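Engineer: As input, take model.cif (mmCIF, C-alpha atoms and all ligand atoms):
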```cif
data_query
#
loop_
_atom_site.group_PDB
_atom_site.id
_atom_site.type_symbol
_atom_site.label_atom_id
_atom_site.label_comp_id
_atom_site.auth_asym_id
_atom_site.auth_seq_id
_atom_site.Cartn_x
_atom_site.Cartn_y
_atom_site.Cartn_z
ATOM 1 C CA MET F 1 21.329 -5.433 4.490
ATOM 2 C CA ASN F 2 17.971 -7.131 4.637
ATOM 3 C CA ALA F 3 15.715 -4.182 3.790
ATOM 4 C CA ALA F 4 12.788 -4.524 1.372
ATOM 5 C CA LEU F 5 12.591 -0.754 1.163
ATOM 6 C CA GLU F 6 15.016 1.976 2.152
ATOM 7 C CA LEU F 7 14.286 5.675 1.930
ATOM 8 C CA HIS F 8 17.302 7.925 2.374
ATOM 9 C CA ARG F 9 16.895 11.624 3.125
ATOM 10 C CA ILE F 10 13.801 12.032 0.936
ATOM 11 C CA ALA F 11 12.667 15.605 0.292
ATOM 12 C CA LYS F 12 9.736 16.778 -1.797
ATOM 13 C CA GLY F 13 8.007 20.107 -2.205
ATOM 14 C CA PHE F 14 5.240 21.558 -4.335
ATOM 15 C CA GLY F 15 6.059 25.164 -5.160
ATOM 16 C CA ALA F 16 7.052 26.834 -1.936
ATOM 17 C CA THR F 17 5.478 24.104 0.249
ATOM 18 C CA ARG F 18 7.952 21.637 1.740
ATOM 19 C CA VAL F 19 5.901 18.440 2.047
ATOM 20 C CA LEU F 20 8.628 15.910 2.918
ATOM 21 C CA GLN F 21 11.826 16.917 4.656
ATOM 22 C CA GLY F 22 14.659 14.422 5.000
ATOM 23 C CA VAL F 23 12.608 11.246 5.435
ATOM 24 C CA ASP F 24 14.567 8.121 6.367
ATOM 25 C CA LEU F 25 12.598 4.889 6.520
ATOM 26 C CA HIS F 26 13.750 1.254 6.516
ATOM 27 C CA VAL F 27 11.237 -1.525 6.028
ATOM 28 C CA ALA F 28 12.710 -4.966 6.704
ATOM 29 C CA ARG F 29 11.987 -7.854 4.368
ATOM 30 C CA GLY F 30 8.892 -9.744 5.508
ATOM 31 C CA GLU F 31 7.762 -7.065 7.935
ATOM 32 C CA ARG F 32 4.361 -5.383 8.106
ATOM 33 C CA HIS F 33 5.097 -1.727 8.606
ATOM 34 C CA ALA F 34 2.460 0.942 9.213
ATOM 35 C CA LEU F 35 2.877 4.612 8.362
ATOM 36 C CA ILE F 36 0.690 6.826 10.519
ATOM 37 C CA GLY F 37 0.355 10.543 11.053
ATOM 38 C CA PRO F 38 -2.031 13.479 10.842
ATOM 39 C CA ASN F 39 -3.866 14.562 7.682
ATOM 40 C CA GLY F 40 -1.532 16.365 5.306
ATOM 41 C CA ALA F 41 1.627 14.908 6.907
ATOM 42 C CA GLY F 42 2.844 13.708 3.501
ATOM 43 C CA LYS F 43 2.029 9.982 3.701
ATOM 44 C CA SER F 44 0.365 9.613 0.288
ATOM 45 C CA THR F 45 3.025 11.852 -1.269
ATOM 46 C CA LEU F 46 5.640 9.440 0.053
ATOM 47 C CA PHE F 47 3.772 6.561 -1.655
ATOM 48 C CA ASP F 48 3.732 8.601 -4.899
ATOM 49 C CA LEU F 49 7.516 8.858 -4.729
ATOM 50 C CA ILE F 50 8.042 5.172 -3.906
ATOM 51 C CA SER F 51 5.718 3.983 -6.668
ATOM 52 C CA GLY F 52 7.206 6.358 -9.253
ATOM 53 C CA ARG F 53 4.229 8.671 -9.776
ATOM 54 C CA ALA F 54 6.423 11.595 -8.741
ATOM 55 C CA ARG F 55 10.140 12.204 -8.306
ATOM 56 C CA PRO F 56 11.731 13.212 -5.040
ATOM 57 C CA ASP F 57 13.596 16.528 -5.086
ATOM 58 C CA GLU F 58 16.309 14.912 -2.999
ATOM 59 C CA GLY F 59 17.161 11.508 -1.619
ATOM 60 C CA ARG F 60 17.270 7.894 -2.684
ATOM 61 C CA ILE F 61 14.737 5.053 -2.784
ATOM 62 C CA VAL F 62 16.050 1.479 -2.766
ATOM 63 C CA ALA F 63 13.733 -1.531 -3.099
ATOM 64 C CA ASN F 64 15.176 -4.993 -2.540
ATOM 65 C CA GLY F 65 18.669 -3.658 -3.130
ATOM 66 C CA THR F 66 17.801 -1.865 -6.407
ATOM 67 C CA ASP F 67 17.812 1.904 -6.681
ATOM 68 C CA ILE F 68 14.334 2.840 -7.999
ATOM 69 C CA THR F 69 14.554 6.596 -7.391
ATOM 70 C CA GLY F 70 12.463 8.380 -10.031
ATOM 71 C CA LYS F 71 11.741 5.180 -11.999
ATOM 72 C CA PRO F 72 8.263 5.354 -13.573
ATOM 73 C CA PRO F 73 5.479 2.990 -12.385
ATOM 74 C CA PRO F 74 5.890 0.360 -15.157
ATOM 75 C CA ARG F 75 9.563 -0.030 -14.197
ATOM 76 C CA VAL F 76 8.752 -0.724 -10.561
ATOM 77 C CA ALA F 77 5.568 -2.765 -11.099
ATOM 78 C CA ARG F 78 7.349 -6.083 -10.616
ATOM 79 C CA THR F 79 8.904 -4.900 -7.408
ATOM 80 C CA LEU F 80 5.892 -3.347 -5.782
ATOM 81 C CA ALA F 81 2.117 -3.135 -5.975
ATOM 82 C CA ARG F 82 0.146 -0.218 -4.667
ATOM 83 C CA SER F 83 -3.433 0.649 -3.810
ATOM 84 C CA PHE F 84 -4.668 4.237 -3.713
ATOM 85 C CA GLN F 85 -6.426 6.245 -1.054
ATOM 86 C CA THR F 86 -9.296 6.716 -3.504
ATOM 87 C CA THR F 87 -10.740 3.678 -5.222
ATOM 88 C CA SER F 88 -9.405 3.054 -8.709
ATOM 89 C CA VAL F 89 -11.309 0.069 -10.120
ATOM 90 C CA PHE F 90 -12.652 -0.012 -13.696
ATOM 91 C CA GLY F 91 -16.316 0.845 -13.091
ATOM 92 C CA GLY F 92 -17.365 -0.173 -16.611
ATOM 93 C CA LEU F 93 -15.888 -3.672 -16.315
ATOM 94 C CA SER F 94 -17.353 -6.549 -14.358
ATOM 95 C CA VAL F 95 -15.909 -7.420 -10.969
ATOM 96 C CA LEU F 96 -14.407 -10.564 -12.475
ATOM 97 C CA ASP F 97 -12.867 -8.669 -15.407
ATOM 98 C CA ASN F 98 -11.268 -6.195 -13.007
ATOM 99 C CA MET F 99 -9.644 -9.106 -11.245
ATOM 100 C CA ARG F 100 -8.697 -10.757 -14.547
ATOM 101 C CA CYS F 101 -6.830 -7.570 -15.506
ATOM 102 C CA ALA F 102 -4.845 -7.744 -12.276
ATOM 103 C CA ALA F 103 -4.165 -11.469 -12.648
ATOM 104 C CA LEU F 104 -3.140 -10.937 -16.268
ATOM 105 C CA ALA F 105 -0.773 -8.130 -15.332
ATOM 106 C CA ALA F 106 0.784 -10.392 -12.706
ATOM 107 C CA ALA F 107 1.064 -13.275 -15.172
ATOM 108 C CA SER F 108 2.529 -11.144 -17.954
ATOM 109 C CA SER F 109 5.284 -9.935 -15.664
ATOM 110 C CA ARG F 110 6.192 -13.589 -15.059
ATOM 111 C CA PHE F 111 5.724 -14.936 -18.591
ATOM 112 C CA ILE F 112 6.911 -11.970 -20.558
ATOM 113 C CA ASP F 113 7.010 -12.652 -24.328
ATOM 114 C CA ARG F 114 5.490 -16.080 -23.817
ATOM 115 C CA TRP F 115 2.094 -17.645 -24.080
ATOM 116 C CA LEU F 116 -0.170 -16.508 -21.269
ATOM 117 C CA PRO F 117 -2.056 -19.416 -19.751
ATOM 118 C CA SER F 118 -5.545 -17.922 -19.705
ATOM 119 C CA ARG F 119 -6.898 -20.696 -17.506
ATOM 120 C CA SER F 120 -4.425 -19.936 -14.736
ATOM 121 C CA VAL F 121 -5.309 -16.237 -15.022
ATOM 122 C CA ASP F 122 -8.980 -17.128 -14.637
ATOM 123 C CA ALA F 123 -8.317 -19.452 -11.724
ATOM 124 C CA ARG F 124 -6.289 -16.791 -9.975
ATOM 125 C CA ALA F 125 -8.991 -14.166 -10.563
ATOM 126 C CA HIS F 126 -11.703 -16.434 -9.165
ATOM 127 C CA ALA F 127 -9.581 -17.419 -6.163
ATOM 128 C CA MET F 128 -8.946 -13.767 -5.307
ATOM 129 C CA LEU F 129 -12.654 -12.897 -5.661
ATOM 130 C CA ASP F 130 -13.384 -15.707 -3.227
ATOM 131 C CA ALA F 131 -10.774 -14.408 -0.810
ATOM 132 C CA ILE F 132 -12.184 -10.874 -0.808
ATOM 133 C CA GLY F 133 -15.756 -12.122 -0.461
ATOM 134 C CA LEU F 134 -16.952 -10.926 -3.875
ATOM 135 C CA ALA F 135 -17.394 -14.246 -5.682
ATOM 136 C CA ALA F 136 -21.163 -13.812 -5.739
ATOM 137 C CA ARG F 137 -20.795 -10.400 -7.426
ATOM 138 C CA ALA F 138 -18.386 -11.600 -10.154
ATOM 139 C CA GLY F 139 -20.698 -10.711 -13.054
ATOM 140 C CA GLU F 140 -21.752 -7.325 -11.671
ATOM 141 C CA LEU F 141 -20.346 -4.084 -13.072
ATOM 142 C CA ALA F 142 -17.755 -2.793 -10.598
ATOM 143 C CA ALA F 143 -19.511 0.607 -10.614
ATOM 144 C CA ARG F 144 -22.558 -1.062 -9.035
ATOM 145 C CA LEU F 145 -20.660 -2.310 -5.963
ATOM 146 C CA THR F 146 -20.990 -0.512 -2.651
ATOM 147 C CA TYR F 147 -18.084 1.700 -1.634
ATOM 148 C CA ALA F 148 -16.732 -0.910 0.781
ATOM 149 C CA GLU F 149 -17.010 -3.606 -1.891
ATOM 150 C CA GLN F 150 -15.096 -1.402 -4.335
ATOM 151 C CA ARG F 151 -12.384 -0.905 -1.709
ATOM 152 C CA ALA F 152 -12.224 -4.677 -1.221
ATOM 153 C CA LEU F 153 -11.884 -5.127 -4.993
ATOM 154 C CA ASP F 154 -9.180 -2.486 -5.092
ATOM 155 C CA LEU F 155 -7.340 -4.356 -2.367
ATOM 156 C CA GLY F 156 -7.726 -7.654 -4.228
ATOM 157 C CA ILE F 157 -6.267 -6.060 -7.358
ATOM 158 C CA ALA F 158 -3.173 -4.905 -5.470
ATOM 159 C CA LEU F 159 -2.790 -8.251 -3.726
ATOM 160 C CA ALA F 160 -3.292 -10.322 -6.898
ATOM 161 C CA THR F 161 0.160 -9.383 -8.150
ATOM 162 C CA ASP F 162 3.244 -11.318 -7.133
ATOM 163 C CA ALA F 163 5.038 -8.150 -6.096
ATOM 164 C CA PRO F 164 7.141 -8.784 -2.999
ATOM 165 C CA LEU F 165 6.415 -5.294 -1.654
ATOM 166 C CA ILE F 166 2.829 -4.106 -1.165
ATOM 167 C CA LEU F 167 1.879 -0.490 -0.457
ATOM 168 C CA LEU F 168 -1.679 0.111 0.750
ATOM 169 C CA ASP F 169 -3.037 3.617 1.278
ATOM 170 C CA GLU F 170 -5.830 3.578 3.891
ATOM 171 C CA PRO F 171 -7.257 0.189 2.866
ATOM 172 C CA THR F 172 -10.064 0.222 5.449
ATOM 173 C CA ALA F 173 -11.187 3.838 4.977
ATOM 174 C CA GLY F 174 -14.970 4.050 4.578
ATOM 175 C CA MET F 175 -15.557 0.472 5.775
ATOM 176 C CA ASN F 176 -17.660 -0.443 8.770
ATOM 177 C CA ARG F 177 -16.134 -2.513 11.589
ATOM 178 C CA ALA F 178 -17.117 -5.895 10.130
ATOM 179 C CA GLU F 179 -15.868 -4.976 6.654
ATOM 180 C CA ALA F 180 -12.627 -3.602 8.066
ATOM 181 C CA THR F 181 -12.072 -6.755 10.120
ATOM 182 C CA ARG F 182 -12.490 -8.893 7.024
ATOM 183 C CA ALA F 183 -10.210 -6.639 4.958
ATOM 184 C CA LEU F 184 -7.525 -6.806 7.649
ATOM 185 C CA ALA F 185 -7.702 -10.599 7.782
ATOM 186 C CA LEU F 186 -7.300 -10.652 4.007
ATOM 187 C CA ILE F 187 -4.343 -8.258 4.159
ATOM 188 C CA ARG F 188 -2.724 -10.359 6.851
ATOM 189 C CA ALA F 189 -3.191 -13.606 4.902
ATOM 190 C CA THR F 190 -2.128 -12.313 1.498
ATOM 191 C CA THR F 191 0.929 -10.425 2.737
ATOM 192 C CA GLU F 192 2.320 -13.467 4.553
ATOM 193 C CA GLY F 193 5.902 -13.882 3.340
ATOM 194 C CA ARG F 194 5.813 -10.506 1.607
ATOM 195 C CA THR F 195 6.544 -7.005 2.829
ATOM 196 C CA LEU F 196 3.776 -4.543 3.593
ATOM 197 C CA LEU F 197 3.863 -0.794 4.032
ATOM 198 C CA VAL F 198 0.388 0.419 4.949
ATOM 199 C CA ILE F 199 -0.971 3.916 5.616
ATOM 200 C CA GLU F 200 -3.858 3.695 8.057
ATOM 201 C CA HIS F 201 -5.771 6.018 10.371
ATOM 202 C CA ASP F 202 -7.652 3.256 12.216
ATOM 203 C CA MET F 203 -5.445 2.663 15.249
ATOM 204 C CA ASP F 204 -7.059 -0.684 16.127
ATOM 205 C CA ALA F 205 -6.092 -1.856 12.659
ATOM 206 C CA VAL F 206 -2.577 -0.438 12.916
ATOM 207 C CA PHE F 207 -1.783 -1.889 16.325
ATOM 208 C CA GLY F 208 -3.277 -5.257 15.384
ATOM 209 C CA LEU F 209 -1.495 -5.592 12.050
ATOM 210 C CA ALA F 210 1.872 -3.876 12.201
ATOM 211 C CA ASP F 211 5.177 -5.340 13.367
ATOM 212 C CA ARG F 212 6.600 -1.826 13.380
ATOM 213 C CA ILE F 213 5.141 1.641 12.978
ATOM 214 C CA SER F 214 6.623 4.895 11.695
ATOM 215 C CA VAL F 215 5.037 8.220 12.518
ATOM 216 C CA LEU F 216 5.165 11.007 9.954
ATOM 217 C CA VAL F 217 4.401 14.512 11.164
ATOM 218 C CA GLN F 218 4.802 17.585 8.955
ATOM 219 C CA GLY F 219 6.997 15.739 6.496
ATOM 220 C CA ARG F 220 9.364 14.192 9.023
ATOM 221 C CA VAL F 221 9.508 10.739 10.632
ATOM 222 C CA ILE F 222 9.387 11.538 14.346
ATOM 223 C CA ALA F 223 9.489 7.918 15.570
ATOM 224 C CA THR F 224 9.799 4.320 14.399
ATOM 225 C CA GLY F 225 9.212 1.351 16.670
ATOM 226 C CA THR F 226 7.079 -1.582 17.739
ATOM 227 C CA PRO F 227 3.422 -0.896 18.546
ATOM 228 C CA ASP F 228 4.260 -0.839 22.272
ATOM 229 C CA GLU F 229 7.125 1.588 21.740
ATOM 230 C CA ILE F 230 4.955 3.899 19.622
ATOM 231 C CA ARG F 231 2.108 3.821 22.130
ATOM 232 C CA ALA F 232 4.490 4.782 24.905
ATOM 233 C CA ASN F 233 6.294 7.498 22.930
ATOM 234 C CA ARG F 234 5.566 10.917 24.400
ATOM 235 C CA ASP F 235 6.318 12.867 21.175
ATOM 236 C CA VAL F 236 3.949 10.630 19.230
ATOM 237 C CA ARG F 237 1.195 11.007 21.787
ATOM 238 C CA GLU F 238 1.534 14.763 21.676
ATOM 239 C CA ALA F 239 1.753 15.065 17.906
ATOM 240 C CA TYR F 240 -0.802 12.476 16.884
ATOM 241 C CA LEU F 241 -2.017 9.652 19.060
ATOM 242 C CA GLY F 242 -3.449 11.922 21.733
ATOM 243 C CA GLY F 243 -6.067 12.913 19.214
ATOM 244 C CA VAL F 244 -6.998 9.499 17.870
ATOM 245 C CA ALA F 245 -6.194 6.772 20.401
HETATM 246 N N1 LIG E 1 0.319 17.459 -6.375
HETATM 247 C C1 LIG E 1 0.321 18.307 -5.339
HETATM 248 N N2 LIG E 1 0.468 19.634 -5.501
HETATM 249 C C2 LIG E 1 0.487 20.488 -4.462
HETATM 250 N N3 LIG E 1 0.388 20.093 -3.167
HETATM 251 C C3 LIG E 1 0.258 18.791 -2.931
HETATM 252 C C4 LIG E 1 0.207 17.817 -3.976
HETATM 253 N N4 LIG E 1 0.073 16.583 -3.419
HETATM 254 C C5 LIG E 1 0.024 16.788 -2.105
HETATM 255 N N5 LIG E 1 0.133 18.098 -1.797
HETATM 256 C C6 LIG E 1 0.142 18.676 -0.438
HETATM 257 O O1 LIG E 1 1.092 17.969 0.303
HETATM 258 C C7 LIG E 1 0.654 17.805 1.657
HETATM 259 C C8 LIG E 1 0.681 16.332 2.021
HETATM 260 O O2 LIG E 1 -0.367 15.662 1.330
HETATM 261 P P1 LIG E 1 -0.560 14.090 1.403
HETATM 262 O O3 LIG E 1 -1.707 13.758 0.541
HETATM 263 O O4 LIG E 1 0.729 13.416 1.130
HETATM 264 O O5 LIG E 1 -0.932 13.907 2.952
HETATM 265 P P2 LIG E 1 -1.400 12.597 3.730
HETATM 266 O O6 LIG E 1 -0.455 12.433 4.876
HETATM 267 O O7 LIG E 1 -1.568 11.471 2.805
HETATM 268 O O8 LIG E 1 -2.812 13.078 4.323
HETATM 269 P P3 LIG E 1 -4.202 12.261 4.534
HETATM 270 O O9 LIG E 1 -4.020 11.515 5.838
HETATM 271 O O10 LIG E 1 -5.215 13.336 4.656
HETATM 272 O O11 LIG E 1 -4.404 11.371 3.354
HETATM 273 C C9 LIG E 1 -0.716 18.450 1.738
HETATM 274 O O12 LIG E 1 -0.562 19.745 2.259
HETATM 275 C C10 LIG E 1 -1.169 18.483 0.304
HETATM 276 O O13 LIG E 1 -2.046 19.553 0.083
HETATM 277 MG MG MG E 2 -3.153 10.386 2.167
#
```
Output the file's structure as structure tokens, nothing else.

Structural biologist:
Amino acid sequence: MNAALELHRIAKGFGATRVLQGVDLHVARGERHALIGPNGAGKSTLFDLISGRARPDEGRIVANGTDITGKPPPRVARTLARSFQTTSVFGGLSVLDNMRCAALAAASSRFIDRWLPSRSVDARAHAMLDAIGLAARAGELAARLTYAEQRALDLGIALATDAPLILLDEPTAGMNRAEATRALALIRATTEGRTLLVIEHDMDAVFGLADRISVLVQGRVIATGTPDEIRANRDVREAYLGGVA
């Protein structure tokens, strides 16, 4: 089996509400996989389960051959990195210090119990700021960045880790076309050789980036396929794409 991520029969509810109902999803190693679907379909909840913020009621989650079902975030941090639908940078730290934190976290997972080479952490932080186009804002407090800049920083923080599996929740939300194009190029470049699962509502972004797409509607995966297959799928068009593409 060559899967980076396997979800088996995942179910999750909050009180009487069934949010996810028997979700099966296989993301192959090295693939860029998009998860699309209407608002409230359960996409972010699925990310919460994969990244250990919540436990599934039923089902199994396997990442790179290891069962991570219900493991808390620190236990899965080496396996996967995640960005959130809402920005989660440290507003009171400088842009550079935000990136240093991410680079340090990545380094400490590699050099656990050993001396941390601060110069390589710094170099990595600066290189990532360059890549996300924020080098000129390095000394600025993160709270003073525009929304799109904060999203770019958030993305850089997730991508600065060495985690082989990256989960991004609506990385281009709130960006204008030019900003989104740059963010997508960055995502493409920095996920090369890794595995990406990305939630995205912007269909241009999805069809341009994804090798395969899964469609979640009312807590169930109704289709998985290549962009062409998903575009041509009648159920998908009726349930979702008809409204947005
Ligand atoms: N902690 C919670 N407690 C109760 N209900 C929740 C909780 N988290 C999510 N839900 C509900 O679960 C459903 C799915 O929410 P979720 O955020 O996963 O959707 P989504 O597909 O990410 O939507 P969007 O595209 O709008 O981000 C919604 O009806 C939401 O209200
Ligand atoms: Mg969501």

Engineer: Using all atoms listed in the file, what are the residues with an atom within 10 Å of ligand MG 2 (chain E), set out as a list of chain:residue names?

Structural biologist: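 I would give the residues around ligand MG 2 (chain E) as F:Ile36, F:Gly37, F:Pro38, F:Asn39, F:Gly40, F:Ala41, F:Gly42, F:Lys43, F:Ser44, F:Thr45, F:Leu46, F:Phe47, F:Phe84, F:Gln85, F:Thr86, F:Asp169, F:Glu170, F:Ile199, F:Glu200, F:His201.
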
Engineer: For the PyMOL selection byres (((chain F and resi 54) around 9) and not hetatm), applied here, can you spell out every residue it catches as an mmCIF file with C-alpha atoms, in the frame of the given file?

Structural biologist:
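The resulting file, expr_7.cif, is reproduced below:
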```cif
data_model
loop_
_atom_site.group_PDB
_atom_site.id
_atom_site.type_symbol
_atom_site.label_atom_id
_atom_site.label_comp_id
_atom_site.auth_asym_id
_atom_site.auth_seq_id
_atom_site.Cartn_x
_atom_site.Cartn_y
_atom_site.Cartn_z
ATOM 1 C CA THR F 45 3.025 11.852 -1.269
ATOM 2 C CA ASP F 48 3.732 8.601 -4.899
ATOM 3 C CA LEU F 49 7.516 8.858 -4.729
ATOM 4 C CA ILE F 50 8.042 5.172 -3.906
ATOM 5 C CA SER F 51 5.718 3.983 -6.668
ATOM 6 C CA GLY F 52 7.206 6.358 -9.253
ATOM 7 C CA ARG F 53 4.229 8.671 -9.776
ATOM 8 C CA ARG F 55 10.140 12.204 -8.306
ATOM 9 C CA PRO F 56 11.731 13.212 -5.040
ATOM 10 C CA GLY F 70 12.463 8.380 -10.031
ATOM 11 C CA LYS F 71 11.741 5.180 -11.999
ATOM 12 C CA PRO F 72 8.263 5.354 -13.573
#
```

Engineer: Could you work out how far CA of Val206 (chain F) lies from CA of Gly242 (chain F), giving the answer in Å with one decimal?

Structural biologist: 15.2 Å

Engineer: Using atom O13 of ligand LIG 1 (chain E) and CA of Glu58 (chain F) as the two end points, give the distance in Å to one decimal.

Structural biologist: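 Atom-to-atom, atom O13 of ligand LIG 1 (chain E) and CA of Glu58 (chain F) are spaced 19.2 Å apart.
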
Engineer: List the residues selected by the PyMOL selection byres (((chain F and resi 5) around 9) and not hetatm) in the file shown, writing them as a count of residues only.

Structural biologist: 16

Engineer: Taking (5.1, 8.0, 23.9) in the file's coordinates as the center, which residues reach within 12 Å of it, counting only C-alpha atoms, put as a PyMOL selection string?

Structural biologist: chain F and resi 215+222-242+245

Engineer: How big is the axis-aligned box, and where does its centre sit, when it encloses all atoms of ligand LIG 1 (chain E) listed in the file and has 4 Å added on every side, reported in Å to one decimal as lines of an AutoDock Vina configuration file?

Structural biologist:
```
center_x = -2.1
center_y = 15.9
center_z = -0.3
size_x = 14.3
size_y = 17.1
size_z = 20.2
```

Engineer: Expand the PyMOL selection byres (((chain F and resi 101-103) around 6) and not hetatm) into the explicit residue set it covers here, and present it as a PyMOL selection string.

Structural biologist: chain F and resi 98-100+104-106+121+125+157+160

Engineer: When you look at Ala185 (chain F) with a cut-off of 12 Å (counting all atoms listed in the file), what residues show up, excluding the ones that are within fewer than 2 positions of it in the same chain? I need them as a list in words.

Structural biologist: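 Listing them by chain and then by number gives Ala131, Ile132, Gly133, Ala152, Leu155, Pro171, Thr172, Ala178, Glu179, Ala180, Thr181, Arg182, Ala183, Ile187, Arg188, Ala189, Thr190, Thr191, Glu192, Ala205, Gly208 and Leu209 of chain F.
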
Engineer: If you count only C-alpha atoms, which residues fall within 12 Å of Thr146 (chain F), apart from same-chain ones fewer than 5 positions away, as a ChimeraX atom specification?

Structural biologist: /F:87,91,95,134,137,140-141,151-153,174-176,179

Engineer: Please, what distance in Å, to one decimal, runs between CA of Ser83 (chain F) and CA of Ala173 (chain F)?

Structural biologist: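 So the two atoms, CA of Ser83 (chain F) and CA of Ala173 (chain F), lie 12.1 Å apart.
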
Engineer: Pick from F:Ser214, F:Ser94, F:Thr161, F:Thr69: nearest to Ala142 (chain F), with all atoms listed in the file counted?

Structural biologist: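 Nearest candidate to Ala142 (chain F) out of F:Ser214, F:Ser94, F:Thr161, F:Thr69: F:Ser94.
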
Engineer: Point out the residue among F:Ala148, F:Leu168, F:Ile213, F:Asn2 with the least atom-to-atom distance to ligand LIG 1 (chain E), counting only C-alpha atoms and all ligand atoms.

Structural biologist: F:Leu168

Engineer: For ligand LIG 1 (chain E), which of F:Leu216, F:Ala143, F:Ala81, F:Ile166 is the closest residue, counting only C-alpha atoms and all ligand atoms?

Structural biologist: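 Looking only at the distances to ligand LIG 1 (chain E), the closest residue turns out to be F:Leu216.
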
Engineer: With all atoms listed in the file as the basis for distance, which of F:Arg18, F:Arg144, F:Arg82, F:Arg194 is at the shortest distance from ligand LIG 1 (chain E)?

Structural biologist: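 For ligand LIG 1 (chain E), the nearest of the given residues is F:Arg18.
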
Engineer: Between F:Asp204, F:Gly59, F:Asp24, F:Val198, which is the closest to ligand LIG 1 (chain E) once you count all atoms listed in the file?

Structural biologist: F:Val198

Engineer: Taking into account only C-alpha atoms and all ligand atoms, which residue in the set F:Asp154, F:Glu149, F:Asp211, F:Asp202 is nearest to ligand LIG 1 (chain E)?

Structural biologist: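 Ranked by minimum distance to ligand LIG 1 (chain E), first place goes to F:Asp202.
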